[in-house]
Structures are given as structure tokens and as C-alpha cells.
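Printed here is run-v5.txt (compact mmCIF, C-alpha atoms):
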# COMPACT_ATOMS: atom_id res chain seq x y z
CA MET A 24 8.02 11.49 122.45
CA ALA A 25 9.44 8.86 120.13
CA ARG A 26 12.43 10.09 118.20
CA ARG A 27 14.05 8.40 115.26
CA ALA A 28 17.82 8.16 115.67
CA PRO A 29 19.19 10.84 113.31
CA VAL A 30 21.47 8.44 111.47
CA LEU A 31 18.42 6.53 110.25
CA ALA A 32 17.12 9.66 108.57
CA VAL A 33 20.53 10.25 107.02
CA GLY A 34 20.48 6.75 105.58
CA LEU A 35 16.95 7.15 104.34
CA GLY A 36 17.94 10.34 102.56
CA ASP A 37 20.85 8.56 100.91
CA ILE A 38 18.58 5.81 99.67
CA ASP A 39 15.96 8.23 98.39
CA ALA A 40 18.67 10.14 96.56
CA ARG A 41 20.07 6.97 95.02
CA TRP A 42 16.71 5.44 94.05
CA PRO A 43 14.21 8.33 93.92
CA ASN A 44 11.48 6.25 92.30
CA ARG A 45 11.67 3.32 94.65
CA ASP A 46 8.67 1.76 96.37
CA ARG A 47 8.24 3.03 99.93
CA ALA A 48 5.26 0.96 100.99
CA SER A 49 7.28 -1.18 103.41
CA ASP A 50 9.30 1.70 104.81
CA GLY A 51 8.92 2.64 108.44
CA TRP A 52 10.72 3.31 111.67
CA ILE A 53 8.38 3.32 114.65
CA GLY A 54 6.75 -0.01 115.35
CA ASP A 55 3.07 -0.65 114.99
CA LYS A 56 1.02 -2.22 117.78
CA ALA A 57 2.32 -5.67 116.91
CA HIS A 58 5.87 -4.48 117.39
CA GLN A 59 5.08 -2.92 120.74
CA ALA A 60 4.40 -6.35 122.17
CA THR A 61 7.84 -7.57 121.18
CA LYS A 62 11.48 -6.77 121.84
CA SER A 63 12.24 -4.69 118.77
CA ASP A 64 14.49 -1.80 117.83
CA HIS A 65 11.40 -0.31 116.21
CA ASN A 66 10.14 0.43 119.72
CA GLU A 67 11.48 3.48 121.50
CA ASP A 68 13.95 2.81 124.28
CA GLY A 69 14.04 4.44 127.71
CA ASN A 70 15.31 7.64 126.15
CA GLY A 71 12.58 7.70 123.53
CA ILE A 72 14.97 6.73 120.72
CA VAL A 73 14.03 4.31 117.93
CA HIS A 74 16.98 2.36 116.57
CA ALA A 75 15.65 0.66 113.45
CA GLN A 76 14.46 1.54 109.99
CA ASP A 77 12.85 -0.64 107.33
CA PHE A 78 13.40 0.01 103.64
CA ASP A 79 11.17 -1.43 100.95
CA ALA A 80 13.21 -3.74 98.74
CA ASP A 81 11.32 -2.92 95.54
CA GLY A 82 12.91 -0.47 93.16
CA ILE A 83 16.35 -0.59 94.73
CA ASP A 84 19.46 -2.72 94.49
CA ALA A 85 18.84 -4.45 97.81
CA PRO A 86 22.17 -6.35 97.92
CA ALA A 87 24.00 -3.07 97.34
CA LEU A 88 22.03 -1.47 100.14
CA VAL A 89 22.82 -4.38 102.46
CA ALA A 90 26.51 -4.06 101.62
CA ALA A 91 26.41 -0.34 102.39
CA LEU A 92 24.60 -0.89 105.66
CA ILE A 93 27.05 -3.57 106.78
CA ALA A 94 29.87 -1.14 106.18
CA HIS A 95 28.25 1.67 108.15
CA PRO A 96 29.85 2.09 111.58
CA SER A 97 26.51 2.64 113.31
CA THR A 98 25.12 -0.70 112.21
CA ASN A 99 24.33 -3.40 114.74
CA TYR A 100 22.60 -5.81 112.37
CA VAL A 101 20.91 -6.02 108.99
CA ILE A 102 18.25 -8.51 107.94
CA TYR A 103 17.30 -9.27 104.36
CA ASN A 104 16.02 -12.31 102.49
CA ARG A 105 16.29 -14.84 105.34
CA THR A 106 19.80 -13.64 106.12
CA ILE A 107 21.16 -11.62 109.03
CA TRP A 108 24.47 -9.78 109.20
CA SER A 109 25.08 -9.06 112.86
CA ARG A 110 27.90 -7.28 114.60
CA ALA A 111 27.71 -10.05 117.20
CA TYR A 112 28.96 -12.46 114.53
CA GLY A 113 31.45 -10.16 112.89
CA PHE A 114 28.87 -9.36 110.19
CA LYS A 115 29.33 -12.80 108.72
CA PRO A 116 26.09 -13.77 106.97
CA ARG A 117 23.95 -16.22 108.90
CA ARG A 118 20.55 -17.73 108.32
CA TYR A 119 17.76 -15.64 109.82
CA THR A 120 15.30 -18.06 111.37
CA GLY A 121 12.50 -15.63 112.23
CA SER A 122 8.99 -16.10 110.92
CA ASN A 123 9.26 -13.05 108.67
CA PRO A 124 11.79 -13.81 105.93
CA HIS A 125 12.36 -10.11 105.18
CA THR A 126 12.10 -10.71 101.45
CA GLY A 127 10.17 -7.53 100.83
CA HIS A 128 12.20 -5.13 102.91
CA VAL A 129 15.62 -4.55 104.41
CA HIS A 130 15.78 -4.08 108.17
CA TRP A 131 18.52 -1.86 109.61
CA SER A 132 19.23 -1.80 113.33
CA ILE A 133 21.86 0.46 114.82
CA LEU A 134 23.88 0.44 118.00
CA HIS A 135 22.35 1.94 121.12
CA THR A 136 25.06 4.53 121.59
CA ALA A 137 24.94 8.27 121.18
CA ALA A 138 27.74 8.18 118.62
CA ALA A 139 25.91 5.64 116.49
CA GLU A 140 22.54 7.34 116.85
CA ASN A 141 23.79 10.79 115.94
CA SER A 142 26.24 9.82 113.23
CA THR A 143 26.12 11.96 110.10
CA ILE A 144 28.05 9.45 108.03
CA HIS A 145 26.38 8.62 104.76
CA LEU A 146 25.76 5.28 103.14
CA ARG A 147 28.04 4.47 100.23
CA LEU A 148 25.56 3.41 97.62
CA GLY A 149 27.46 4.15 94.46
CA GLY A 150 26.01 6.19 91.65
CA GLY A 151 27.96 9.29 92.58
CA ALA A 152 29.30 10.88 95.72
CA PRO A 153 27.01 11.02 98.73
CA PRO A 154 25.74 14.41 99.80
CA GLY A 155 27.67 16.28 102.42
CA PRO A 156 30.98 15.57 104.12
CA VAL A 157 32.04 12.04 104.89
CA ALA A 158 34.20 11.47 107.92
CA GLY A 159 37.48 9.78 107.25
CA GLY A 160 37.54 10.94 103.68
CA GLY A 161 40.99 12.34 104.12
CA ILE A 162 42.58 8.97 103.70
CA ALA A 163 44.20 8.99 100.32
CA PRO A 164 43.89 5.91 98.13
CA MET A 165 47.01 3.87 97.68
CA PRO A 166 48.84 4.71 94.47
CA VAL A 167 49.37 2.23 91.68
CA LEU A 168 52.94 1.00 91.93
CA ARG A 169 55.11 -0.87 89.48
CA ARG A 170 58.76 -1.59 88.87
CA GLY A 171 60.71 1.64 88.99
CA SER A 172 58.40 3.36 91.48
CA LYS A 173 60.25 5.26 94.15
CA VAL A 174 57.63 6.78 96.41
CA PRO A 175 57.06 6.36 100.15
CA SER A 176 54.26 3.86 99.50
CA VAL A 177 56.83 1.41 98.15
CA ARG A 178 58.08 0.91 101.68
CA THR A 179 54.51 0.24 102.76
CA LEU A 180 54.18 -2.27 99.97
CA GLN A 181 57.38 -3.98 100.96
CA GLY A 182 56.24 -4.15 104.56
CA ALA A 183 52.93 -5.65 103.47
CA LEU A 184 54.70 -8.22 101.31
CA HIS A 185 56.23 -9.59 104.48
CA ARG A 186 52.72 -10.27 105.75
CA GLY A 187 51.91 -11.85 102.45
CA GLY A 188 54.75 -14.30 102.84
CA HIS A 189 57.10 -12.73 100.31
CA PRO A 190 59.65 -10.72 102.30
CA VAL A 191 61.87 -8.27 100.48
CA PRO A 192 64.28 -5.58 101.65
CA ILE A 193 62.36 -2.53 102.80
CA ASP A 194 64.35 0.08 100.96
CA GLY A 195 61.66 2.11 99.18
CA ASP A 196 62.92 0.99 95.77
CA PHE A 197 60.55 -1.02 93.59
CA GLY A 198 63.34 -2.98 92.00
CA PRO A 199 63.65 -6.51 90.61
CA ALA A 200 63.32 -8.19 94.03
CA THR A 201 60.10 -6.35 94.85
CA ASP A 202 58.81 -7.01 91.36
CA ARG A 203 59.39 -10.75 91.78
CA ALA A 204 57.76 -10.73 95.21
CA VAL A 205 54.70 -8.89 93.91
CA ARG A 206 54.30 -11.29 91.01
CA ALA A 207 54.68 -14.29 93.30
CA PHE A 208 52.11 -12.87 95.69
CA GLN A 209 49.69 -12.19 92.85
CA SER A 210 50.04 -15.58 91.24
CA GLY A 211 49.04 -17.30 94.45
CA ARG A 212 45.85 -15.25 94.75
CA ARG A 213 44.41 -15.59 91.25
CA ILE A 214 45.38 -12.01 90.53
CA PRO A 215 46.96 -11.29 87.13
CA SER A 216 50.66 -11.67 87.76
CA ASP A 217 51.76 -8.46 86.10
CA GLY A 218 53.80 -6.91 88.87
CA VAL A 219 51.50 -3.89 88.98
CA VAL A 220 50.19 -3.09 92.45
CA GLY A 221 46.70 -1.76 91.84
CA PRO A 222 43.56 -1.73 93.98
CA ARG A 223 43.04 -5.48 93.93
CA THR A 224 46.61 -6.31 94.85
CA TRP A 225 46.57 -3.68 97.59
CA CYS A 226 43.36 -5.18 98.89
CA ALA A 227 44.83 -8.69 98.86
CA LEU A 228 47.86 -7.42 100.72
CA ALA A 229 45.58 -5.76 103.23
CA GLN A 230 43.71 -9.03 103.68
CA ALA A 231 46.97 -10.84 104.28
CA CYS A 232 47.90 -8.24 106.87
CA LEU A 233 44.53 -8.46 108.58
CA ASN A 234 44.67 -12.24 108.71
CA TRP A 235 48.14 -12.10 110.13
CA HIS A 236 46.83 -9.84 112.87
CA GLY A 237 44.07 -12.31 113.66
CA PHE A 238 41.20 -10.64 111.82
CA ASN A 239 39.65 -13.23 109.58
CA THR A 240 38.94 -11.88 106.12
CA GLY A 241 38.21 -15.25 104.59
CA ALA A 242 39.90 -15.69 101.25
CA VAL A 243 42.89 -13.54 100.36
CA ASP A 244 41.61 -12.69 96.90
CA GLY A 245 41.70 -8.91 96.67
CA ILE A 246 37.92 -8.64 96.73
CA LEU A 247 36.61 -6.33 99.41
CA GLY A 248 33.65 -8.39 100.56
CA PRO A 249 31.69 -8.16 103.80
CA ARG A 250 34.12 -10.41 105.65
CA THR A 251 37.01 -8.14 104.83
CA VAL A 252 35.00 -5.07 105.71
CA ALA A 253 34.02 -6.67 109.00
CA ALA A 254 37.65 -7.51 109.68
CA ILE A 255 38.64 -3.92 108.99
CA LEU A 256 35.98 -2.60 111.30
CA SER A 257 37.02 -5.06 114.01
CA ALA A 258 40.59 -3.95 113.61
CA CYS A 259 39.50 -0.34 113.83
CA ALA A 260 37.44 -1.02 116.92
CA ARG A 261 40.35 -2.72 118.57
CA ARG A 262 42.50 0.26 117.83
CA ARG A 263 39.76 2.62 119.01
CA ARG A 264 39.75 4.28 115.67
CA VAL A 265 36.64 5.96 114.37
CA ALA A 266 35.30 3.76 111.63
CA SER A 267 33.51 5.54 108.85
CA SER A 268 31.33 4.77 105.91
CA SER A 269 34.18 5.79 103.70
CA MET A 270 36.06 2.86 105.12
CA ARG A 271 35.21 0.65 102.21
CA ASN A 272 36.80 3.00 99.73
CA ALA A 273 39.61 3.92 102.05
CA SER A 274 40.00 0.50 103.60
CA ILE A 275 42.89 -0.56 101.46
CA SER A 276 45.03 2.35 102.48
CA PHE A 277 43.73 2.12 106.02
CA CYS A 278 44.65 -1.53 106.32
CA ILE A 279 48.07 -0.88 105.03
CA ALA A 280 48.41 2.08 107.36
CA MET A 281 47.25 -0.13 110.16
CA ILE A 282 50.31 -2.29 110.02
CA ARG A 283 52.42 0.76 110.68
CA VAL A 284 50.72 1.70 113.92
CA THR A 285 50.52 -0.82 116.72
CA PRO A 286 50.85 -0.46 120.47
CA ALA A 287 54.32 -1.83 120.86
CA ARG A 288 57.42 -0.31 119.37
CA LEU A 289 60.95 -1.49 118.97
CA THR A 290 64.37 0.02 118.70
CA PRO A 291 66.05 0.55 115.33
CA SER A 292 68.36 -2.31 116.09
CA SER A 293 65.41 -4.64 115.61
CA CYS A 294 64.13 -3.01 112.45
CA VAL A 295 63.36 -5.48 109.74
CA SER A 296 64.44 -3.06 107.05
CA CYS A 297 67.91 -3.33 108.49
CA TRP A 298 67.68 -6.94 109.45
CA ILE A 299 66.08 -8.27 106.30
CA SER A 300 68.84 -6.83 104.21
CA ARG A 301 70.97 -9.57 105.64
CA ARG A 302 68.40 -12.30 105.31
CA ARG A 303 65.91 -13.05 102.58
CA SER A 304 63.45 -15.25 104.42
CA MET A 305 61.73 -15.49 107.75
CA SER A 306 60.47 -18.47 109.67
CA ALA A 307 56.93 -18.73 110.97
CA SER A 308 58.09 -18.19 114.52
CA GLU A 309 59.91 -15.07 113.43
CA TYR A 310 56.78 -13.72 111.80
CA ARG A 311 54.95 -14.06 115.07
CA ARG A 312 57.38 -11.68 116.68
CA VAL A 313 56.98 -8.94 114.14
CA LEU A 314 56.51 -5.51 115.66
CA PRO A 315 56.91 -1.98 114.37
CA CYS A 316 60.18 -0.18 114.32
CA GLU A 317 60.30 3.15 116.14
CA ARG A 318 62.49 4.59 113.43
CA CYS A 319 60.71 3.75 110.22
CA GLY A 320 57.34 2.71 111.59
CA LEU A 321 57.25 -0.41 109.49
CA MET A 322 56.82 -3.83 110.93
CA SER A 323 59.95 -5.30 112.37
CA ILE A 324 61.05 -8.53 113.82
CA LEU A 325 61.86 -8.78 117.48
CA ARG A 326 64.99 -10.79 117.43
CA SER A 327 65.34 -13.36 120.16
CA MET B 22 3.13 19.07 117.17
CA ILE B 23 5.14 17.11 114.68
CA HIS B 24 8.82 17.97 114.57
CA GLY B 25 11.33 17.58 111.80
CA ARG B 26 9.08 16.44 109.03
CA TYR B 27 11.25 14.52 106.66
CA ARG B 28 11.04 14.47 102.90
CA GLY B 29 9.10 11.52 101.70
CA GLY B 30 6.41 11.97 104.28
CA MET B 31 8.26 10.72 107.31
CA ASP B 32 8.68 12.47 110.62
CA ASN B 33 11.61 12.35 112.95
CA GLU B 34 9.64 12.75 116.17
CA LEU B 35 6.18 11.69 117.20
CA THR B 36 4.30 12.01 120.45
CA PRO B 37 2.73 8.80 121.73
CA GLU B 38 -0.65 10.16 120.75
CA GLN B 39 0.49 10.93 117.25
CA ALA B 40 2.12 7.53 116.86
CA ALA B 41 -1.00 5.80 118.12
CA ALA B 42 -3.14 7.74 115.68
CA LEU B 43 -1.14 6.74 112.62
CA SER B 44 -2.59 4.19 110.26
CA PRO B 45 -0.57 1.10 109.28
CA ASP B 46 -0.15 2.67 105.87
CA ASP B 47 1.54 5.76 107.29
CA PRO B 48 5.14 5.96 106.03
CA ASN B 49 6.40 6.33 109.59
CA ILE B 50 4.99 3.02 110.73
CA ALA B 51 7.07 -0.12 110.53
CA ALA B 52 4.19 -2.43 109.79
CA ASN B 53 6.13 -5.42 108.49
CA PRO B 54 5.50 -8.44 110.71
CA CYS B 55 8.24 -8.52 113.30
CA ASP B 56 9.67 -11.36 115.35
CA ASP B 57 10.37 -10.97 119.03
CA ASP B 58 14.05 -10.21 119.59
CA PRO B 59 15.19 -10.71 115.96
CA GLU B 60 18.86 -10.68 116.84
CA SER B 61 18.41 -13.92 118.73
CA LEU B 62 16.96 -15.71 115.69
CA VAL B 63 20.26 -16.58 114.09
CA GLY B 64 21.01 -19.87 112.38
CA GLU B 65 23.98 -21.36 110.63
CA GLU B 66 26.67 -19.31 108.93
CA LEU B 67 26.14 -18.98 105.20
CA GLY B 68 28.84 -19.39 102.61
CA ASP B 69 29.58 -17.58 99.42
CA ASP B 70 27.52 -20.11 97.51
CA ASP B 71 24.36 -18.71 99.06
CA GLU B 72 22.53 -16.61 96.49
CA THR B 73 21.89 -13.63 98.76
CA VAL B 74 25.40 -13.68 100.18
CA ALA B 75 26.88 -13.86 96.71
CA ALA B 76 24.78 -10.90 95.59
CA VAL B 77 25.88 -8.80 98.56
CA ASN B 78 29.49 -9.79 98.05
CA SER B 79 29.24 -8.87 94.41
CA ALA B 80 27.72 -5.51 95.27
CA THR B 81 30.55 -4.80 97.66
CA ALA B 82 33.19 -5.77 95.14
CA GLN B 83 31.61 -3.63 92.45
CA ASP B 84 31.71 -0.64 94.76
CA VAL B 85 35.44 -1.00 95.16
CA ALA B 86 36.10 -1.64 91.49
Take the structure I supplied and represent it as C-alpha cells, if you would.
Amino acid sequence: MARRAPVLAVGLGDIDARWPNRDRASDGWIGDKAHQATKSDHNEDGNGIVHAQDFDADGIDAPALVAALIAHPSTNYVIYNRTIWSRAYGFKPRRYTGSNPHTGHVHWSILHTAAAENSTIHLRLGGGAPPGPVAGGGIAPMPVLRRGSKVPSVRTLQGALHRGGHPVPIDGDFGPATDRAVRAFQSGRRIPSDGVVGPRTWCALAQACLNWHGFNTGAVDGILGPRTVAAILSACARRRRVASSSMRNASISFCIAMIRVTPARLTPSSCVSCWISRRRSMSASEYRRVLPCERCGLMSILRS
Amino acid sequence: MIHGRYRGGMDNELTPEQAAALSPDDPNIAANPCDDDPESLVGEELGDDDETVAAVNSATAQDVA
């Protein structure tokens, strides 16, 4: 008995709901006889599971579908239009050199794990909320902050500004110093330098944090592209977090939250929020010793 | 017996006999020409100036905006 991995049917339902009048001629999951002679995820494995689904590219926004598939935690690789996005390469786009250019359909292969196969997480295809619950949806979006804000997220912002190279006292008060740091950070990233911390600035800060932690997001521009998504997922995998399809929407808050939870912890005496109040700048070597404080949870510098 | 018939004409389970009996036009069948071991057929990394990459990046950014 060949059985399609359930997540493939979930994705197919999402696509049908998003583009009900799409062409389905090139759809399919179980391989034909030609596939059976090859190594293909369209062939059932030893457990009878098929791990791939093709979607006809006509009548849909194929790039949007590819983006959604890349962001799905079950995905192993996606092929479309002579391009492959593979988990093995951090989902960075690479030339697909196979004989079939995949110009007429999008190929989706998933991981050969029970969690990936049985995932109920939906594809984020825009055009309204996906049907059913989405795991990870409890992560609240980061609020828009500006001068005068005095909410807990200000401390998160101030911690992230350290990663962005503009350290300020972590005091939870969006005052003149934080305002200047935000504007300076924005101006260096082609973001309108208005001092308002909205989605794009949060995203850019998240990218700076991810890069600092060694996850390459490419440009720090506040645009949540595949590289940034891949970096987020890599960071999540490293932390053994459950990545979800809602990650793209929640990624900004998740990235920022990420910098507050790392394996090592320090004593309050090393807390940057205490230490930085006495200093206004950090050297590169000091940045490399940044760890979280056990008191406030924000990143701190391990003083030598 | 076919289990879990899916909307759109697809099934979720097929016996070998059922699968073998399906025509290439059947919606279950992945009939697009397939390369052997596709994941191994990977070339150079593509930049943002690539048309397909740019379109995917744009789609991702629009989702966030």
C-alpha cells in the first residue's frame, strides 16, 4: 500500500483553497513507471510512504508557493524553474541541473521523519488565514515602538540594538539615547530613519542578531527573504525548537526572543544592563563574549 | 479499496495494483519527467539578480508586509 504523507495532502488543500481554479494537470504524488526506475521521493519508501508532491504551476502564484514551501518545517527541498531550494544548502537557491527544468510544475519533497510526514501545519499562502489551527501561532507580533514607549519590548529592542552595533542602556525606557540608536541603525540599512520600530526595523534587528549568532541571513535589510527564513529555521533547529509554518509571520518576534534564551547563563554581576550604564560602547572582542544574564534574560557581556 | 479519497480527485492511499492501473492522466500520478536522485543535481548558488530568486524573495517580502 502506497500512502501519501499526510502533510502533502494538507499542503494540497491549502493550495486548492488559495487558487481554486488552478490547473491540476501536472499534479501528482505517486510516481509513474518512469519514476519507479529512479531514486525519487515520488516512490514509496520501505514503510510505504511517498514523500513528494507536484503542483501544476499554471493558475497559481508559483513564486509565492515556493516561498511558502521553503518556510514549511517539513520541507526537504523544492524545485521550480531550474532552481532548487534544499535544506542541505540552507535553502539558499541553487541552479537545478536536472534534465527536467520544472518550469511547468513545482516539486515539493519533505523530510523522511514521522514528524514531517504527519505535520498538520498549513502553508502560508496569503489571501486570508489558512484553515485550521497553526502551531506556534501563540507568538505575538512585536509591537511598534517609538520614543516615549515604556513597555517590556523596549528592553528587547535595546538588547537587539547591541547586536546591531548601536549599544544603549537597557533600561526599558525609549528615550533620546534609544531614539538616536534606532535612527542610526535604520540609516545604515536603507530603512527610513524615523525612529519608529516597526516590522521592517524589527526584522532588520532580527537579522543582525541572527548574523551575530552565526546564522547567515545575507543582507541586513529588514526584508524577510528565504535566506532569513532559512537562518531562522536553522537557529530553531539548533535550539531544538519546533519550527512552524507560522514562523514567517512570527519570525521577527521569535528571533528577538531567541536572543534571550541561550544555553549559557551569567550572574547579574555580568549583566550588560548594569554594565553598559557605565560604558557606551563595546569592542568587537567584547561582543563575542556576550551571553544572557540570569536576572533579566537579556544578552550580557562576560567580563574578562 | 481506495482509502481517504481527497477532494480534487486524489487519493491518499493506493494498493500496488491500484497504482499500476492508473493512467498517466490520473491526478494521483506524478507523470512529470523525473531525474534520478534530483537532490544531487545541484549547481551554483544563485543570487538575488536571478529572475526566479527575485520573484520568490519578493513573494516572501510581500507576505510579511
* Asked: Which one of A:His95, A:Arg169, A:Arg223, A:Arg178 sits closest to chain B if you count all atoms listed in the file?
  -> A:Arg223
Would you mind listing, for every residue of chain A within 8 Å of chain B, the two atoms forming the shortest contact and the distance between them in Å to one decimal, using only C-alpha atoms, sorted by chain and ascending residue number, as a tab-separated table?
residue	atom	partner	partner_atom	distance
A:Met24	CA	B:Thr36	CA	4.3
A:Ala25	CA	B:Leu35	CA	5.2
A:Arg26	CA	B:Glu34	CA	4.4
A:Arg27	CA	B:Asn33	CA	5.2
A:Ala28	CA	B:Asn33	CA	8.0
A:Pro29	CA	B:Asn33	CA	7.7
A:Ala32	CA	B:Asn33	CA	7.5
A:Arg47	CA	B:Pro48	CA	7.4
A:Ala48	CA	B:Pro48	CA	7.1
A:Ser49	CA	B:Asn53	CA	6.7
A:Asp50	CA	B:Pro48	CA	6.1
A:Gly51	CA	B:Ala51	CA	3.9
A:Trp52	CA	B:Ala51	CA	5.1
A:Ile53	CA	B:Ile50	CA	5.2
A:Gly54	CA	B:Ala51	CA	4.8
A:Asp55	CA	B:Ala52	CA	5.6
A:Ala57	CA	B:Cys55	CA	7.5
A:His58	CA	B:Cys55	CA	6.2
A:Thr61	CA	B:Asp57	CA	4.8
A:Lys62	CA	B:Asp58	CA	4.8
A:Ser63	CA	B:Asp58	CA	5.9
A:His65	CA	B:Ala51	CA	7.1
A:Gln76	CA	B:Ala51	CA	7.6
A:Asp77	CA	B:Ala51	CA	6.6
A:Pro86	CA	B:Val77	CA	4.5
A:Ala87	CA	B:Ala80	CA	4.9
A:Val89	CA	B:Val77	CA	6.6
A:Ala90	CA	B:Val77	CA	5.7
A:Ala91	CA	B:Thr81	CA	7.7
A:Tyr100	CA	B:Glu60	CA	7.6
A:Asn104	CA	B:Thr73	CA	7.1
A:Thr106	CA	B:Thr73	CA	7.7
A:Ile107	CA	B:Val63	CA	7.1
A:Ser109	CA	B:Glu60	CA	7.6
A:Lys115	CA	B:Glu66	CA	7.0
A:Pro116	CA	B:Leu67	CA	5.5
A:Arg117	CA	B:Glu66	CA	4.1
A:Arg118	CA	B:Gly64	CA	4.6
A:Tyr119	CA	B:Val63	CA	5.0
A:Thr120	CA	B:Leu62	CA	5.2
A:Gly121	CA	B:Leu62	CA	5.6
A:Ser122	CA	B:Asp56	CA	6.5
A:Asn123	CA	B:Pro54	CA	6.3
A:Leu148	CA	B:Asp84	CA	7.9
A:Gly149	CA	B:Asp84	CA	6.4
A:Pro222	CA	B:Ala86	CA	7.9
A:Ile246	CA	B:Ala82	CA	5.8
A:Leu247	CA	B:Ala82	CA	5.5
A:Gly248	CA	B:Asn78	CA	5.1
A:Pro249	CA	B:Asn78	CA	6.4
A:Arg271	CA	B:Val85	CA	7.2
A:Asn272	CA	B:Val85	CA	6.2
* Asked: Expressed in Å to a single decimal, how great is the separation between atom CA of Pro215 of chain A and atom CA of Ala94 of chain A?
  -> 27.5 Å
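Comparing A:Pro190, A:Ala85, A:Ser172, A:His135 by their smallest distance to Gly71 of chain A, the closest is A:His135 (using all atoms listed in the file).
Distance-wise, atom CA of Leu184 of chain A and atom CA of Gly198 of chain A end up 13.7 Å apart.
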Would you please take segment 45-75 of chain B of the structure in the block above and write C-alpha atoms to a file as a PDB file, in the first residue's frame?
ATOM      1  CA  PRO B  45      -0.730   8.832 -16.631  1.00  0.00           C
ATOM      2  CA  ASP B  46      -3.545  11.353 -16.675  1.00  0.00           C
ATOM      3  CA  ASP B  47      -4.817  10.267 -13.273  1.00  0.00           C
ATOM      4  CA  PRO B  48      -4.459  13.128 -10.770  1.00  0.00           C
ATOM      5  CA  ASN B  49      -2.615  10.852  -8.362  1.00  0.00           C
ATOM      6  CA  ILE B  50       0.185  10.099 -10.783  1.00  0.00           C
ATOM      7  CA  ALA B  51       3.296  12.237 -10.828  1.00  0.00           C
ATOM      8  CA  ALA B  52       3.901  11.928 -14.537  1.00  0.00           C
ATOM      9  CA  ASN B  53       6.303  14.820 -14.994  1.00  0.00           C
ATOM     10  CA  PRO B  54       9.647  13.547 -16.279  1.00  0.00           C
ATOM     11  CA  CYS B  55      11.847  12.952 -13.270  1.00  0.00           C
ATOM     12  CA  ASP B  56      15.611  12.853 -12.901  1.00  0.00           C
ATOM     13  CA  ASP B  57      17.312  10.171 -10.880  1.00  0.00           C
ATOM     14  CA  ASP B  58      18.135  11.471  -7.404  1.00  0.00           C
ATOM     15  CA  PRO B  59      17.121  15.123  -8.020  1.00  0.00           C
ATOM     16  CA  GLU B  60      18.689  16.361  -4.821  1.00  0.00           C
ATOM     17  CA  SER B  61      22.113  15.504  -6.188  1.00  0.00           C
ATOM     18  CA  LEU B  62      21.619  17.655  -9.299  1.00  0.00           C
ATOM     19  CA  VAL B  63      22.586  20.932  -7.702  1.00  0.00           C
ATOM     20  CA  GLY B  64      24.656  23.604  -9.396  1.00  0.00           C
ATOM     21  CA  GLU B  65      25.954  27.002  -8.429  1.00  0.00           C
ATOM     22  CA  GLU B  66      24.308  29.223  -5.853  1.00  0.00           C
ATOM     23  CA  LEU B  67      22.044  31.841  -7.380  1.00  0.00           C
ATOM     24  CA  GLY B  68      21.961  35.470  -6.369  1.00  0.00           C
ATOM     25  CA  ASP B  69      19.156  37.914  -5.961  1.00  0.00           C
ATOM     26  CA  ASP B  70      19.630  39.042  -9.538  1.00  0.00           C
ATOM     27  CA  ASP B  71      18.254  35.731 -10.764  1.00  0.00           C
ATOM     28  CA  GLU B  72      14.712  36.240 -12.004  1.00  0.00           C
ATOM     29  CA  THR B  73      13.198  33.265 -10.195  1.00  0.00           C
ATOM     30  CA  VAL B  74      15.042  34.001  -6.976  1.00  0.00           C
ATOM     31  CA  ALA B  75      13.960  37.625  -7.102  1.00  0.00           C
TER      32      ALA B  75
END
